[in-house]
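With TSV, C-alpha atoms and all ligand atoms inside, this is entry38.tsv:
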```tsv
chain	number	residue	atom	x	y	z
K	1	MET	CA	-34.54	8.04	11.19
K	2	GLU	CA	-33.19	8.94	7.75
K	3	THR	CA	-31.52	12.07	9.14
K	4	LEU	CA	-30.06	10.11	12.04
K	5	ILE	CA	-28.43	7.64	9.65
K	6	SER	CA	-27.05	10.35	7.41
K	7	ARG	CA	-25.76	12.48	10.28
K	8	GLY	CA	-23.90	9.54	11.78
K	9	ILE	CA	-22.19	8.71	8.50
K	10	ILE	CA	-21.33	12.33	7.68
K	11	GLU	CA	-19.91	13.05	11.14
K	12	SER	CA	-17.92	9.83	11.20
K	13	TYR	CA	-16.49	10.24	7.69
K	14	PHE	CA	-15.60	13.89	8.22
K	15	GLY	CA	-13.85	12.85	11.44
K	16	LYS	CA	-11.68	10.47	9.40
K	17	LEU	CA	-10.92	13.23	6.90
K	18	MET	CA	-10.01	15.72	9.61
K	19	ARG	CA	-7.73	13.19	11.33
K	20	SER	CA	-5.97	12.57	8.03
K	21	LEU	CA	-5.10	16.18	7.26
K	22	GLU	CA	-1.76	15.78	9.04
K	23	LEU	CA	-0.51	12.21	8.93
K	24	ASP	CA	2.59	10.37	10.02
K	25	ALA	CA	2.26	7.96	7.09
K	26	ALA	CA	0.21	8.08	3.89
K	27	ILE	CA	0.04	4.73	2.13
K	28	VAL	CA	-0.93	4.76	-1.52
K	29	GLY	CA	-2.37	1.43	-2.61
K	30	GLY	CA	-4.18	-1.24	-0.63
K	31	GLY	CA	-2.58	-4.38	-2.00
K	32	PRO	CA	-0.98	-6.82	0.44
K	33	SER	CA	2.24	-4.86	0.97
K	34	GLY	CA	0.40	-1.58	1.63
K	35	ILE	CA	-2.10	-3.14	4.01
K	36	VAL	CA	0.60	-4.94	6.00
K	37	ALA	CA	2.58	-1.69	6.22
K	38	ALA	CA	-0.56	0.10	7.46
K	39	TYR	CA	-1.06	-2.57	10.10
K	40	TYR	CA	2.47	-2.35	11.52
K	41	LEU	CA	2.61	1.47	11.43
K	42	ALA	CA	-0.78	1.81	13.12
K	43	LYS	CA	0.24	-0.78	15.70
K	44	ALA	CA	3.34	1.31	16.44
K	45	GLY	CA	1.01	4.20	17.29
K	46	HIS	CA	1.39	6.29	14.15
K	47	LYS	CA	-1.37	8.23	12.38
K	48	VAL	CA	-1.83	6.23	9.20
K	49	ALA	CA	-4.18	6.54	6.25
K	50	LEU	CA	-4.26	4.11	3.34
K	51	LEU	CA	-5.82	5.27	0.09
K	52	ASP	CA	-6.99	2.93	-2.63
K	53	ARG	CA	-8.68	3.88	-5.86
K	54	LYS	CA	-10.85	0.77	-5.89
K	55	LEU	CA	-14.16	0.32	-4.06
K	56	ALA	CA	-12.68	-2.87	-2.56
K	57	PRO	CA	-9.03	-2.46	-1.53
K	58	GLY	CA	-6.96	-5.64	-1.57
K	59	GLY	CA	-5.25	-5.20	-4.92
K	60	GLY	CA	-4.12	-8.36	-6.64
K	61	MET	CA	-4.72	-10.64	-3.70
K	62	TRP	CA	-8.46	-11.34	-4.03
K	63	GLY	CA	-8.09	-13.15	-7.34
K	64	GLY	CA	-5.47	-15.78	-6.48
K	65	ALA	CA	-4.13	-17.10	-9.75
K	66	MET	CA	-6.29	-16.74	-12.84
K	67	LEU	CA	-9.28	-16.36	-10.48
K	68	PHE	CA	-8.50	-19.63	-8.65
K	69	ASN	CA	-8.90	-17.94	-5.30
K	70	ASP	CA	-6.04	-19.39	-3.29
K	71	ILE	CA	-2.55	-18.00	-2.73
K	72	VAL	CA	0.80	-19.44	-1.69
K	73	VAL	CA	3.00	-18.09	1.12
K	74	GLN	CA	6.44	-19.45	1.93
K	75	GLU	CA	7.89	-20.30	5.34
K	76	GLU	CA	9.86	-17.04	5.80
K	77	ALA	CA	6.66	-14.97	5.75
K	78	MET	CA	4.65	-17.18	8.10
K	79	PRO	CA	5.45	-15.01	11.15
K	80	VAL	CA	3.44	-12.22	9.47
K	81	VAL	CA	0.58	-14.61	8.63
K	82	LYS	CA	0.55	-15.81	12.24
K	83	GLU	CA	0.79	-12.34	13.77
K	84	LEU	CA	-2.19	-11.21	11.69
K	85	GLN	CA	-4.03	-14.41	12.66
K	86	LEU	CA	-4.84	-15.58	9.14
K	87	SER	CA	-5.88	-19.20	8.61
K	88	TYR	CA	-3.60	-21.39	6.49
K	89	ARG	CA	-2.80	-24.97	5.66
K	90	GLU	CA	0.48	-26.67	4.81
K	91	HIS	CA	1.28	-27.34	1.18
K	92	ALA	CA	4.74	-28.72	0.32
K	93	ASN	CA	8.44	-27.81	0.51
K	94	GLY	CA	7.95	-25.13	3.15
K	95	THR	CA	5.01	-23.44	1.46
K	96	TYR	CA	1.48	-22.80	2.74
K	97	LEU	CA	-1.91	-22.19	1.14
K	98	LEU	CA	-4.34	-19.46	2.12
K	99	ASP	CA	-7.82	-18.81	0.80
K	100	SER	CA	-7.30	-15.49	-0.99
K	101	VAL	CA	-10.67	-14.00	0.02
K	102	HIS	CA	-10.14	-14.90	3.66
K	103	ALA	CA	-6.55	-13.62	3.61
K	104	THR	CA	-7.37	-10.30	1.92
K	105	ALA	CA	-10.34	-9.64	4.18
K	106	GLY	CA	-8.19	-10.64	7.17
K	107	LEU	CA	-5.42	-8.18	6.31
K	108	LEU	CA	-7.93	-5.35	5.90
K	109	TYR	CA	-9.60	-6.30	9.17
K	110	ARG	CA	-6.35	-6.37	11.14
K	111	ALA	CA	-5.09	-3.05	9.68
K	112	THR	CA	-8.29	-1.17	10.51
K	113	GLU	CA	-8.49	-2.84	13.91
K	114	ALA	CA	-4.95	-1.60	14.63
K	115	GLY	CA	-6.13	1.96	13.88
K	116	ALA	CA	-5.27	2.57	10.22
K	117	ILE	CA	-7.86	4.68	8.38
K	118	ILE	CA	-8.71	3.30	4.95
K	119	PHE	CA	-10.14	5.55	2.25
K	120	ASN	CA	-11.53	3.47	-0.58
K	121	SER	CA	-12.56	4.86	-3.97
K	122	VAL	CA	-9.98	7.60	-3.44
K	123	SER	CA	-7.11	8.03	-5.89
K	124	VAL	CA	-3.79	9.71	-5.30
K	125	GLU	CA	-3.13	11.88	-8.32
K	126	ASP	CA	-0.01	13.70	-7.12
K	127	VAL	CA	2.20	14.37	-4.10
K	128	VAL	CA	3.10	17.42	-2.04
K	129	TYR	CA	6.67	18.26	-3.03
K	130	LYS	CA	8.63	20.87	-1.05
K	131	GLN	CA	12.35	21.59	-0.89
K	132	GLY	CA	13.36	18.30	-2.41
K	133	ARG	CA	11.10	16.20	-0.22
K	134	VAL	CA	7.80	14.36	-0.62
K	135	GLY	CA	5.53	15.63	2.14
K	136	GLY	CA	2.01	14.42	1.46
K	137	VAL	CA	-0.54	13.17	-1.03
K	138	VAL	CA	-2.94	14.94	-3.38
K	139	VAL	CA	-6.25	13.07	-3.50
K	140	ASN	CA	-9.46	13.00	-5.46
K	141	TRP	CA	-12.49	10.74	-5.81
K	142	THR	CA	-11.85	7.93	-8.26
K	143	PRO	CA	-15.21	8.57	-10.00
K	144	VAL	CA	-14.19	12.21	-10.56
K	145	LEU	CA	-11.00	11.08	-12.29
K	146	LEU	CA	-12.76	8.35	-14.27
K	147	GLN	CA	-15.28	10.88	-15.55
K	148	LYS	CA	-12.40	13.27	-16.34
K	149	LEU	CA	-14.24	16.01	-14.46
K	150	HIS	CA	-12.25	19.20	-13.96
K	151	VAL	CA	-12.34	19.18	-10.14
K	152	ASP	CA	-9.42	20.22	-7.94
K	153	PRO	CA	-8.15	17.78	-5.31
K	154	LEU	CA	-7.68	17.84	-1.53
K	155	THR	CA	-4.31	17.34	0.18
K	156	PHE	CA	-3.16	15.29	3.17
K	157	ALA	CA	0.21	16.31	4.62
K	158	SER	CA	2.33	13.37	5.74
K	159	LYS	CA	5.77	12.88	7.25
K	160	VAL	CA	6.35	9.92	4.93
K	161	VAL	CA	4.57	8.51	1.88
K	162	LEU	CA	4.54	4.92	0.62
K	163	ASP	CA	4.15	3.97	-3.02
K	164	ALA	CA	2.43	0.57	-2.75
K	165	THR	CA	0.63	0.96	-6.07
K	166	GLY	CA	1.81	-2.37	-7.47
K	167	HIS	CA	3.00	-3.01	-11.00
K	168	ASP	CA	2.46	0.57	-12.22
K	169	CYS	CA	4.65	2.32	-9.57
K	170	GLU	CA	2.39	5.33	-10.04
K	171	ILE	CA	3.67	7.60	-7.32
K	172	ALA	CA	7.36	7.07	-8.05
K	173	ARG	CA	6.66	7.68	-11.73
K	174	THR	CA	4.80	10.91	-10.96
K	175	VAL	CA	7.51	12.24	-8.63
K	176	ALA	CA	10.27	11.56	-11.17
K	177	ARG	CA	8.33	12.93	-14.16
K	178	LYS	CA	6.89	16.09	-12.63
K	179	ASN	CA	9.89	17.24	-10.66
K	180	ASP	CA	12.69	16.06	-12.91
K	181	VAL	CA	14.52	14.32	-10.06
K	182	ARG	CA	16.65	11.19	-9.75
K	183	LEU	CA	15.27	8.36	-7.66
K	184	GLU	CA	17.45	5.91	-5.69
K	185	THR	CA	16.96	3.22	-8.36
K	186	PRO	CA	19.35	1.61	-10.85
K	187	THR	CA	18.21	3.93	-13.64
K	188	GLY	CA	17.40	6.98	-11.53
K	189	GLY	CA	13.81	6.60	-12.71
K	190	VAL	CA	11.24	3.80	-12.93
K	191	ALA	CA	13.02	0.92	-14.63
K	192	GLY	CA	9.85	-1.18	-15.11
K	193	GLU	CA	9.39	-4.80	-14.04
K	194	MET	CA	10.81	-7.84	-15.81
K	195	SER	CA	9.11	-11.12	-16.71
K	196	MET	CA	8.39	-14.01	-14.34
K	197	ASP	CA	10.99	-15.53	-12.01
K	198	ALA	CA	9.14	-16.37	-8.80
K	199	ALA	CA	12.12	-17.14	-6.55
K	200	GLU	CA	14.23	-14.22	-7.70
K	201	GLY	CA	11.23	-11.86	-7.67
K	202	GLU	CA	10.44	-12.80	-4.08
K	203	ARG	CA	14.04	-12.21	-3.01
K	204	THR	CA	14.42	-8.85	-4.75
K	205	THR	CA	11.05	-7.56	-3.51
K	206	LEU	CA	12.50	-7.38	-0.05
K	207	GLU	CA	15.84	-6.01	-1.19
K	208	ASN	CA	14.17	-3.28	-3.27
K	209	THR	CA	11.88	-2.17	-0.42
K	210	LYS	CA	13.39	1.16	0.64
K	211	GLU	CA	13.26	4.96	0.57
K	212	ILE	CA	13.80	5.99	-3.05
K	213	TYR	CA	13.52	9.72	-2.55
K	214	PRO	CA	13.41	11.83	0.64
K	215	GLY	CA	10.01	11.09	2.16
K	216	LEU	CA	9.01	8.50	-0.48
K	217	PHE	CA	9.22	4.74	0.14
K	218	VAL	CA	8.33	1.78	-2.11
K	219	SER	CA	7.00	-1.67	-1.26
K	220	GLY	CA	5.65	-4.76	-2.99
K	221	MET	CA	5.56	-4.87	-6.76
K	222	ALA	CA	6.21	-1.13	-6.91
K	223	ALA	CA	9.58	-1.82	-5.25
K	224	ASN	CA	10.43	-4.37	-7.92
K	225	GLY	CA	8.99	-2.19	-10.67
K	226	VAL	CA	11.09	0.87	-9.88
K	227	SER	CA	14.20	-1.31	-9.70
K	228	GLY	CA	13.64	-3.38	-12.84
K	229	SER	CA	13.25	-6.73	-11.07
K	230	PHE	CA	11.18	-9.83	-11.79
K	231	ARG	CA	7.47	-10.44	-11.23
K	232	MET	CA	6.50	-13.53	-9.29
K	233	GLY	CA	2.80	-14.33	-9.66
K	234	PRO	CA	0.54	-15.68	-6.90
K	235	ILE	CA	3.15	-16.26	-4.20
K	236	PHE	CA	2.69	-13.55	-1.56
K	237	GLY	CA	5.38	-14.00	1.11
K	238	GLY	CA	7.55	-11.28	-0.42
K	239	MET	CA	4.62	-8.85	-0.37
K	240	LEU	CA	3.92	-9.49	3.32
K	241	LEU	CA	7.59	-9.21	4.28
K	242	SER	CA	7.99	-6.09	2.16
K	243	GLY	CA	5.06	-4.47	4.01
K	244	ARG	CA	6.63	-5.32	7.35
K	245	LYS	CA	10.08	-4.09	6.30
K	246	VAL	CA	8.84	-0.79	4.89
K	247	ALA	CA	6.80	-0.15	8.04
K	248	GLN	CA	10.01	-0.42	10.07
K	249	LEU	CA	11.89	1.94	7.72
K	250	MET	CA	9.01	4.44	7.76
K	251	HIS	CA	8.76	4.20	11.54
K	252	GLU	CA	12.44	5.13	11.84
K	253	ALA	CA	11.96	8.07	9.44
K	254	ILE	CA	8.90	9.33	11.36
K	255	VAL	CA	10.72	9.10	14.69
K	256	ALA	CA	13.74	10.93	13.21
K	257	GLN	CA	11.45	13.81	12.16
K	258	GLY	CA	10.11	14.11	15.71
T	301	LIG	O1	-0.84	-4.56	-7.01
T	301	LIG	P1	-1.23	-4.64	-5.59
T	301	LIG	O2	-1.88	-5.88	-5.10
T	301	LIG	O3	0.03	-4.23	-4.68
T	301	LIG	P2	1.24	-5.07	-4.03
T	301	LIG	O4	1.15	-4.90	-2.56
T	301	LIG	O5	0.96	-6.58	-4.36
T	301	LIG	C1	1.19	-7.16	-5.61
T	301	LIG	C2	0.41	-8.46	-5.70
T	301	LIG	O6	-0.96	-8.25	-5.52
T	301	LIG	C3	0.61	-9.23	-7.00
T	301	LIG	C4	1.90	-9.90	-7.07
T	301	LIG	C5	2.21	-10.81	-5.91
T	301	LIG	O7	3.06	-11.75	-6.17
T	301	LIG	O8	2.61	-9.78	-7.99
T	301	LIG	O9	0.39	-8.38	-8.10
T	301	LIG	O10	2.48	-4.64	-4.71
T	301	LIG	O11	-2.22	-3.44	-5.24
T	301	LIG	C6	-1.95	-2.12	-5.59
T	301	LIG	C7	-3.17	-1.28	-5.19
T	301	LIG	O12	-2.87	0.07	-5.43
T	301	LIG	C8	-4.05	0.73	-5.88
T	301	LIG	C9	-4.77	-0.29	-6.72
T	301	LIG	O13	-6.15	-0.04	-6.77
T	301	LIG	C10	-4.45	-1.60	-5.96
T	301	LIG	O14	-5.47	-1.95	-5.06
T	301	LIG	N1	-3.61	1.93	-6.60
T	301	LIG	C11	-2.81	1.98	-7.70
T	301	LIG	N2	-2.58	3.25	-8.05
T	301	LIG	C12	-3.25	4.03	-7.15
T	301	LIG	C13	-3.91	3.19	-6.22
T	301	LIG	C14	-3.41	5.45	-6.97
T	301	LIG	N3	-2.82	6.33	-7.78
T	301	LIG	N4	-4.18	5.90	-5.95
T	301	LIG	C15	-4.78	5.02	-5.11
T	301	LIG	N5	-4.65	3.66	-5.23
```
As structure tokens - that is how I would like this structure written.
Amino acid sequence: METLISRGIIESYFGKLMRSLELDAAIVGGGPSGIVAAYYLAKAGHKVALLDRKLAPGGGMWGGAMLFNDIVVQEEAMPVVKELQLSYREHANGTYLLDSVHATAGLLYRATEAGAIIFNSVSVEDVVYKQGRVGGVVVNWTPVLLQKLHVDPLTFASKVVLDATGHDCEIARTVARKNDVRLETPTGGVAGEMSMDAAEGERTTLENTKEIYPGLFVSGMAANGVSGSFRMGPIFGGMLLSGRKVAQLMHEAIVAQG
């Protein structure tokens, strides 16, 4: 029995690893924008893997506001909430409330159901960078990195890569720093996010969602962070719409590569 259990898990996990060696889309970060992007890309038939350094992907959505575990979504993003079949209730002035645990679990459920592979407890420590293009992710176990063990990583090739790492914009920062290149951002690098302006932050999240270097896209707070825009707190419509928008942009880039 013990061997049966172990063999099943090993075979299944190694299958996921093998399928991820050559991806259409590698998504770094399993916050709301990354998960929504994974859902739409997988639904479009692409080979998608999402990597999150935490044991429980979901990013900043589980905790609501100051651990009050509810979130707000505005009218414009309700088509995404409805498509992913999340439960909600009306609040006021065109806003809706969602239980943050239900909503986070629901996003993860829908993305995996659509065919996205999720690797949890896996960190992206670098990218594949060839001829002026980002072409994959360099991955390692989070516990290896936390322990500062000197262990080399594995690599997944990917036609496009998404930085959905939230406030830290880790992948964009790494690409700019290591390769001394200019990103398509106001400063040419990572500008860093500004203080709170919920309405403006929501608006610019969508505007800043784009390809910032050949093969590298940004979504969610990473999009605002690279562009020096506002944070917005526990309103999540911009994150959901950003995930949907970036999936469309990445889809077009994947199709263009053939
Ligand atoms: O920050 P996060 O939730 O991403 P998001 O989609 O959403 C932002 C909101 O949660 C909130 C907000 C809404 O109004 O302001 O903050 O922009 O999730 C980012 C995820 O990326 C993972 C991290 O564990 C988190 O789950 N992550 C960050 N760096 C890495 C990473 C990395 N190098 N490798 C793997 N995962």
Identify, counting all atoms listed in the file, the protein, DNA and RNA residues located within 7 Å of ligand LIG 301 (chain T), and give them as a PyMOL selection string.
chain K and resi 28-34+51-54+57-61+122-125+164-167+170-171+219-222+231-236+239
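Proximity of K:Thr209, K:Gln248, K:Thr155, K:Ser6 to Ala26 in chain K, computed with all atoms listed in the file, is greatest for K:Thr155.
In terms of minimum interatomic distance to Val80 in chain K, K:Ser242 ranks closest within K:Ser227, K:Ser242, K:Ser121, K:Asn93, counting all atoms listed in the file.
With all atoms listed in the file as the atoms that count, the residue of K:Gly238, K:Gly94, K:Gly8, K:Gly189 with the shortest distance to Thr174 in chain K is K:Gly189.
Going from CA of Gly64 in chain K to CA of Val101 in chain K covers 8.5 Å.
For the choices K:Ile35, K:Leu55, K:Met66, K:Met78, the atom-to-atom distance to Thr104 in chain K is smallest for K:Ile35 when using only C-alpha atoms.
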Quick one: distance from CA of Gly135 in chain K to CA of Leu50 in chain K in Å, one decimal?
15.2 Å
Rounded to one decimal, what separation in Å do you get between CA of Lys43 in chain K and CA of Arg19 in chain K?
16.7 Å
May I ask which of the residues K:Val151, K:Val175, K:Leu86, K:Ala256 is the closest one to Gly106 in chain K, counting all atoms listed in the file?
K:Leu86
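With all atoms listed in the file as the atoms that count, the minimum distance from Trp141 in chain K to the choices K:Phe119, K:Arg89, K:Lys159, K:Ala199 is reached by K:Phe119.
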Contacts of Val161 in chain K at 7 Å (all atoms listed in the file; same-chain gap of 6+ positions) as a PDB file with C-alpha atoms, keeping the file's coordinate frame:
```pdb
ATOM      1  CA  ALA K  25       2.260   7.960   7.090  1.00  0.00           C
ATOM      2  CA  ALA K  26       0.210   8.080   3.890  1.00  0.00           C
ATOM      3  CA  ILE K  27       0.040   4.730   2.130  1.00  0.00           C
ATOM      4  CA  GLY K 136       2.010  14.420   1.460  1.00  0.00           C
ATOM      5  CA  GLY K 215      10.010  11.090   2.160  1.00  0.00           C
ATOM      6  CA  LEU K 216       9.010   8.500  -0.480  1.00  0.00           C
ATOM      7  CA  PHE K 217       9.220   4.740   0.140  1.00  0.00           C
TER       8      PHE K 217
END
```
Just want the 10 Å neighbourhood of Thr185 in chain K, counted on all atoms listed in the file, with same-chain residues fewer than 4 positions away dropped. Output as a count of residues only.
13
Distance cut-off 8 Å, centre (-1.1, 4.0, 11.6) in file coordinates, counting only C-alpha atoms: which residues qualify? Return them as a PyMOL selection string.
chain K and resi 24-25+38-49+114-117
Need to verify the contact set: Pro79 in chain K, 10 Å, only C-alpha atoms, exclusion of same-chain residues closer than 5 positions in sequence. Can you return it as a short mmCIF file (atom, residue, chain, number, x, y, z; two decimals) with C-alpha atoms, in the coordinates of the input?
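This went into part23.cif:
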```
data_model
loop_
_atom_site.label_atom_id
_atom_site.label_comp_id
_atom_site.auth_asym_id
_atom_site.auth_seq_id
_atom_site.Cartn_x
_atom_site.Cartn_y
_atom_site.Cartn_z
CA LEU K 84 -2.19 -11.21 11.69
CA GLN K 85 -4.03 -14.41 12.66
CA LEU K 240 3.92 -9.49 3.32
CA LEU K 241 7.59 -9.21 4.28
#
```
